[in-house]
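Student: Could you have a look at this structure, given as structure tokens, before my questions?
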Amino acid sequence: MTDWLALAKSQETELFDLIEKLVMIETPTSDKAANDRISGITAELLASIGGEVTVHPEKKYGDHITANWTGKNRDSGTPHALVIGHLDTVWPIGTLERMGYYEKDGRMYGPGVLDMKAGIATTIVGLRTLQSQDLWPDRPVRVLFNTDEEVGSPSSRPLVESSAQGAAFALVMEPGQAGAGALKTQRKGLAEFRLVVEGKASHAGAFPERGASAIHELAQKIVELQAMNDWPDGITVSTGLISGGSARNTIPAHAEATIDVRARTNEQAEKIEAQIRALKPAVEGTSLTIEGGFHRPPMERTPELAKLAASLIEWSHEIGFELTEESTGGGSDANLTAAMGVPSADGLGSKGLNPHAEGENIEISEQPNRLALFMKAIHSL
Ligand SMILES: [Zn+2]
């Protein structure tokens with residue numbers, strides 16, 4: 001029987017060398033050149049372990065990459081394993097110089113180390129090790145690294161979905177829930193709506209009756225939106241941005257708002273979206289345009305997803321650590337794969353603190369555990 005932890009520990013130097021190499025390349029989502037560089041480097045690494053790599057060119061974001069391997073049993077026709085990670089981070093260029101990459105009290109600190117350069121390195125080192133040890137699975141393996149996850153995967157969404165088509169399962173190598181490093185087995189769906197109100201300008205003192213106030217109309221809509229909240233049931237609706245008007249003494253002809261909406265289930269998401277789209281103007285002379293929708297469908301804890309999580313948790317105990325599961329309000333590419341009915345495990349990549357925040361770090365002693373579990377999962381699921 002394979003001692004997965006011993007195998008992972010034998011790769012510890014390579015693993016941390018690669019994490020460092022990836023952290024050293026700063027990759028804010030908006031910087032295409034930086035993301036192209038890192039996707040080029042990871043593409044080469046995946047190709048060096050036999051992956052058939054495809055570069056998916058992008059205009060605005062960095063190029064996304066996919067890599068495919070056949071299963072050990074080539075004729076099996078079994079559904080493939082899908083592994084997903086993102087190469088971009090939320091940190092602007094120059095953060096590394098300010099924050100540094102360093103070890104302290106058993107943790108590695110650096111921008112993007114937790115979210116999610118450690119998960120990318122674990123994927124690459126894990127697959128390389130499975131191959132060199134003749135532990136490759138019978139099923140085909142597909143890896144997708146994208147470069148726009150931190151802004152909601154606007155350009156890679158079709159690629160995420162086509163890669164998930166027919167997959168047996170998806171392992172999303174995002175960090176575990178901060179703190180315990182738990183698997184995220186339930187994620188809220190996330191929508192952004194934009195309400196634009198057009199009215200009619202007029203002098204506020206001399207001819208108020210000739211105007212139609214877009215701000216008056218928008219204010220009423222904001223109150224109606226607020227009433228759609230159902231926090232106990234997991235529906236949140238928040239008007240996060242408003243703007244409008246042109247001068248104090250002019251009836252405003254234009255006003256708009258951006259709304260953040262989250263829902264726990266697909267049923268809730270459909271219901272709340274229909275409610276928002278059904279909003280009608282109440283102030284005479286104004287018109288209302290509603291744009292947007294759910295760009296991350298809810299990830300529900302289906303029986304298949306729960307079963308996948310249960311296997312991973314059981315194996316974590318065999319390996320010698322304690323993986324748990326939690327729900328979260330945030331979204332990731334796991335929302336997309338789960339919505340297609342592919343059992344998805346999210347939060348496998350690393351354990352640490354402060355994602356997207358000062359002091360972002362990973363726990364050093366946990367990383368071999370994560371590598372061991374990743375290899376066991378790819379080998380055995
Ligand atoms: Zn992430």
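For the structure tokens, the naming scheme is as follows: chains receive sequential letters (A, B, ...) according to their order of presentation, residues are indexed from 1 within each chain, and ligands are indexed from 1 in presentation order.
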Can you list every residue of chain A that has an atom at most 6 Å from ligand 1, with its nearest atom pair and the distance in Å to one decimal, using only C-alpha atoms and all ligand atoms, ordered by chain then number, as CSV?

Tutor:
```
residue,atom,partner,partner_atom_place_in_ligand_line,distance
A:Asp115,CA,ligand 1,1 (Zn),4.6
A:Met116,CA,ligand 1,1 (Zn),5.5
A:Glu174,CA,ligand 1,1 (Zn),5.2
```

Student: Leaving out Ile25 in chain A and any residue of its chain fewer than 4 positions from it, which residues lie within 9 Å of it when counting only C-alpha atoms, given as a list in words?

Tutor: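 Surrounding residues, per the criterion: Glu20, Lys21, Ala34, Asn35, Arg37, Ile38 and Leu96 of chain A.
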
Student: Residues of the last selection are to be written out with N, CA and C atoms, as a PDB file, in the first residue's frame.

Tutor:
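Result file follows (result.pdb):
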```pdb
ATOM      1  N   GLU A  20       7.577  29.065  -4.221  1.00  0.00           N
ATOM      2  CA  GLU A  20       8.349  30.317  -4.207  1.00  0.00           C
ATOM      3  C   GLU A  20       8.474  30.904  -5.616  1.00  0.00           C
ATOM      4  N   LYS A  21       8.781  30.041  -6.558  1.00  0.00           N
ATOM      5  CA  LYS A  21       8.937  30.500  -7.946  1.00  0.00           C
ATOM      6  C   LYS A  21       7.650  31.176  -8.442  1.00  0.00           C
ATOM      7  N   ALA A  34       1.976  39.756 -17.303  1.00  0.00           N
ATOM      8  CA  ALA A  34       2.411  38.960 -16.146  1.00  0.00           C
ATOM      9  C   ALA A  34       1.716  37.600 -16.134  1.00  0.00           C
ATOM     10  N   ASN A  35       0.428  37.599 -16.428  1.00  0.00           N
ATOM     11  CA  ASN A  35      -0.320  36.335 -16.422  1.00  0.00           C
ATOM     12  C   ASN A  35       0.074  35.436 -17.596  1.00  0.00           C
ATOM     13  N   ARG A  37       3.030  35.285 -18.736  1.00  0.00           N
ATOM     14  CA  ARG A  37       4.319  34.727 -18.333  1.00  0.00           C
ATOM     15  C   ARG A  37       4.105  33.509 -17.443  1.00  0.00           C
ATOM     16  N   ILE A  38       3.236  33.638 -16.455  1.00  0.00           N
ATOM     17  CA  ILE A  38       3.048  32.521 -15.534  1.00  0.00           C
ATOM     18  C   ILE A  38       2.285  31.377 -16.209  1.00  0.00           C
ATOM     19  N   LEU A  96       4.883  42.518  -3.615  1.00  0.00           N
ATOM     20  CA  LEU A  96       5.914  41.570  -3.186  1.00  0.00           C
ATOM     21  C   LEU A  96       7.099  42.312  -2.562  1.00  0.00           C
TER      22      LEU A  96
END
```

Student: When distances are computed from only C-alpha atoms, which of A:Glu149, A:Glu14, A:Glu325, A:Glu198 shows the smallest separation from Glu256 in chain A?

Tutor: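 Looking at the shortest contact to Glu256 in chain A, the residue is A:Glu198.
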
Student: Could you pull out the residues in range 62-263 of chain A that DSSP calls alpha helix (DSSP H) from the backbone, as a PyMOL selection string?

Tutor: chain A and resi 95-99+118-132+157-164+214-226

Student: Each residue of range 40-85 of chain A lying at most 12 Å from range 330-353 of chain A should get a row with its shortest atom-to-atom pair and the distance in Å to one decimal, counting only C-alpha atoms; could you produce that, ordered by chain and increasing number, as a Markdown table?

Tutor:
```
| residue | atom | partner | partner_atom | distance |
| --- | --- | --- | --- | --- |
| A:Pro79 | CA | A:Val342 | CA | 10.8 |
| A:His80 | CA | A:Val342 | CA | 11.0 |
| A:Ala81 | CA | A:Val342 | CA | 10.2 |
| A:Leu82 | CA | A:Ser344 | CA | 9.2 |
| A:Val83 | CA | A:Ser344 | CA | 9.7 |
| A:Ile84 | CA | A:Asp333 | CA | 7.8 |
| A:Gly85 | CA | A:Asp333 | CA | 8.5 |
```

Student: Can I get the selected residues back with N, CA and C atoms, as a PDB file, in the first residue's frame?

Tutor:
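Saved file again.pdb follows:
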```pdb
ATOM      1  N   PRO A  79     -14.974   8.598 -17.437  1.00  0.00           N
ATOM      2  CA  PRO A  79     -14.981  10.064 -17.330  1.00  0.00           C
ATOM      3  C   PRO A  79     -13.680  10.574 -16.709  1.00  0.00           C
ATOM      4  N   HIS A  80     -13.297  11.771 -17.105  1.00  0.00           N
ATOM      5  CA  HIS A  80     -12.008  12.300 -16.658  1.00  0.00           C
ATOM      6  C   HIS A  80     -12.085  12.970 -15.290  1.00  0.00           C
ATOM      7  N   ALA A  81     -10.916  13.079 -14.666  1.00  0.00           N
ATOM      8  CA  ALA A  81     -10.759  13.887 -13.450  1.00  0.00           C
ATOM      9  C   ALA A  81     -10.420  15.304 -13.887  1.00  0.00           C
ATOM     10  N   LEU A  82     -11.046  16.282 -13.272  1.00  0.00           N
ATOM     11  CA  LEU A  82     -10.752  17.676 -13.603  1.00  0.00           C
ATOM     12  C   LEU A  82     -10.120  18.376 -12.403  1.00  0.00           C
ATOM     13  N   VAL A  83      -9.018  19.070 -12.658  1.00  0.00           N
ATOM     14  CA  VAL A  83      -8.356  19.861 -11.612  1.00  0.00           C
ATOM     15  C   VAL A  83      -8.336  21.315 -12.071  1.00  0.00           C
ATOM     16  N   ILE A  84      -8.784  22.220 -11.212  1.00  0.00           N
ATOM     17  CA  ILE A  84      -8.891  23.633 -11.591  1.00  0.00           C
ATOM     18  C   ILE A  84      -8.106  24.517 -10.628  1.00  0.00           C
ATOM     19  N   GLY A  85      -7.404  25.482 -11.205  1.00  0.00           N
ATOM     20  CA  GLY A  85      -6.729  26.489 -10.378  1.00  0.00           C
ATOM     21  C   GLY A  85      -6.663  27.803 -11.129  1.00  0.00           C
TER      22      GLY A  85
END
```

Student: I'd like the neighbourhood of Gln220 in chain A as a ChimeraX atom specification, where a residue qualifies if any of its atoms comes within 9 Å (using only C-alpha atoms), though same-chain residues fewer than 3 positions away should be ignored.

Tutor: /A:215-217,223-225,281-283

Student: Which of range 4-196 of chain A counts as strand (DSSP E or B) under DSSP, as an MDAnalysis selection string please?

Tutor: chainID A and resid 28 52:56 64:69 81:86 89 102:104 107:109 141:146 169:172 177 182:187 189:196

Student: Between CA of Leu323 in chain A and CA of Met1 in chain A, what distance in Å does the model show, to one decimal?

Tutor: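 It comes out at 21.7 Å.
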
Student: Tell me, in Å to one decimal, how far CA of Leu144 in chain A is from CA of Met108 in chain A.

Tutor: 25.4 Å

Student: Quick one: residues within 10 Å of Ala212 in chain A, only C-alpha atoms, excluding same-chain residues fewer than 2 positions away - as a PDB file with N, CA and C atoms, in the first residue's frame?

Tutor:
```
ATOM      1  N   GLU A 198     -33.798  56.565 -16.068  1.00  0.00           N
ATOM      2  CA  GLU A 198     -33.776  57.802 -16.844  1.00  0.00           C
ATOM      3  C   GLU A 198     -35.040  58.591 -16.511  1.00  0.00           C
ATOM      4  N   GLY A 199     -34.871  59.874 -16.208  1.00  0.00           N
ATOM      5  CA  GLY A 199     -36.021  60.747 -15.944  1.00  0.00           C
ATOM      6  C   GLY A 199     -35.992  61.936 -16.870  1.00  0.00           C
ATOM      7  N   LYS A 200     -36.390  63.085 -16.351  1.00  0.00           N
ATOM      8  CA  LYS A 200     -36.404  64.279 -17.203  1.00  0.00           C
ATOM      9  C   LYS A 200     -35.921  65.460 -16.369  1.00  0.00           C
ATOM     10  N   ALA A 201     -34.941  66.186 -16.899  1.00  0.00           N
ATOM     11  CA  ALA A 201     -34.386  67.327 -16.164  1.00  0.00           C
ATOM     12  C   ALA A 201     -35.305  68.543 -16.260  1.00  0.00           C
ATOM     13  N   SER A 202     -35.281  69.334 -15.197  1.00  0.00           N
ATOM     14  CA  SER A 202     -36.029  70.594 -15.206  1.00  0.00           C
ATOM     15  C   SER A 202     -35.516  71.445 -14.043  1.00  0.00           C
ATOM     16  N   PRO A 208     -40.722  72.489 -11.415  1.00  0.00           N
ATOM     17  CA  PRO A 208     -40.561  71.103 -10.948  1.00  0.00           C
ATOM     18  C   PRO A 208     -41.541  70.152 -11.631  1.00  0.00           C
ATOM     19  N   GLU A 209     -42.713  70.661 -11.998  1.00  0.00           N
ATOM     20  CA  GLU A 209     -43.742  69.788 -12.595  1.00  0.00           C
ATOM     21  C   GLU A 209     -43.343  69.306 -13.986  1.00  0.00           C
ATOM     22  N   ARG A 210     -42.381  69.979 -14.600  1.00  0.00           N
ATOM     23  CA  ARG A 210     -41.954  69.559 -15.950  1.00  0.00           C
ATOM     24  C   ARG A 210     -40.899  68.453 -15.895  1.00  0.00           C
ATOM     25  N   ALA A 214     -35.183  61.026 -11.522  1.00  0.00           N
ATOM     26  CA  ALA A 214     -34.604  59.674 -11.568  1.00  0.00           C
ATOM     27  C   ALA A 214     -34.152  59.229 -10.188  1.00  0.00           C
ATOM     28  N   ILE A 215     -33.726  60.180  -9.353  1.00  0.00           N
ATOM     29  CA  ILE A 215     -33.270  59.818  -7.999  1.00  0.00           C
ATOM     30  C   ILE A 215     -34.460  59.411  -7.128  1.00  0.00           C
ATOM     31  N   HIS A 216     -35.557  60.113  -7.255  1.00  0.00           N
ATOM     32  CA  HIS A 216     -36.774  59.738  -6.518  1.00  0.00           C
ATOM     33  C   HIS A 216     -37.164  58.295  -6.883  1.00  0.00           C
ATOM     34  N   GLU A 217     -37.135  58.008  -8.164  1.00  0.00           N
ATOM     35  CA  GLU A 217     -37.497  56.657  -8.628  1.00  0.00           C
ATOM     36  C   GLU A 217     -36.511  55.606  -8.082  1.00  0.00           C
ATOM     37  N   ILE A 251     -33.807  68.957 -11.365  1.00  0.00           N
ATOM     38  CA  ILE A 251     -34.469  67.658 -11.182  1.00  0.00           C
ATOM     39  C   ILE A 251     -33.607  66.631 -11.918  1.00  0.00           C
ATOM     40  N   PRO A 252     -33.154  65.578 -11.240  1.00  0.00           N
ATOM     41  CA  PRO A 252     -32.174  64.675 -11.863  1.00  0.00           C
ATOM     42  C   PRO A 252     -32.765  63.816 -12.987  1.00  0.00           C
ATOM     43  N   ALA A 253     -32.087  63.813 -14.114  1.00  0.00           N
ATOM     44  CA  ALA A 253     -32.551  63.053 -15.272  1.00  0.00           C
ATOM     45  C   ALA A 253     -31.957  61.649 -15.294  1.00  0.00           C
ATOM     46  N   HIS A 254     -30.954  61.402 -14.460  1.00  0.00           N
ATOM     47  CA  HIS A 254     -30.280  60.104 -14.511  1.00  0.00           C
ATOM     48  C   HIS A 254     -29.877  59.680 -13.100  1.00  0.00           C
ATOM     49  N   VAL A 283     -42.428  56.310 -10.404  1.00  0.00           N
ATOM     50  CA  VAL A 283     -42.495  57.764 -10.560  1.00  0.00           C
ATOM     51  C   VAL A 283     -42.804  58.088 -12.023  1.00  0.00           C
ATOM     52  N   GLU A 284     -43.870  58.846 -12.239  1.00  0.00           N
ATOM     53  CA  GLU A 284     -44.314  59.141 -13.602  1.00  0.00           C
ATOM     54  C   GLU A 284     -43.217  59.845 -14.404  1.00  0.00           C
ATOM     55  N   GLY A 285     -43.045  59.398 -15.637  1.00  0.00           N
ATOM     56  CA  GLY A 285     -42.072  60.041 -16.514  1.00  0.00           C
ATOM     57  C   GLY A 285     -40.679  59.436 -16.443  1.00  0.00           C
ATOM     58  N   THR A 286     -40.490  58.419 -15.586  1.00  0.00           N
ATOM     59  CA  THR A 286     -39.175  57.775 -15.521  1.00  0.00           C
ATOM     60  C   THR A 286     -39.232  56.397 -16.175  1.00  0.00           C
ATOM     61  N   SER A 287     -38.059  55.934 -16.623  1.00  0.00           N
ATOM     62  CA  SER A 287     -37.977  54.569 -17.157  1.00  0.00           C
ATOM     63  C   SER A 287     -36.837  53.848 -16.447  1.00  0.00           C
TER      64      SER A 287
END
```
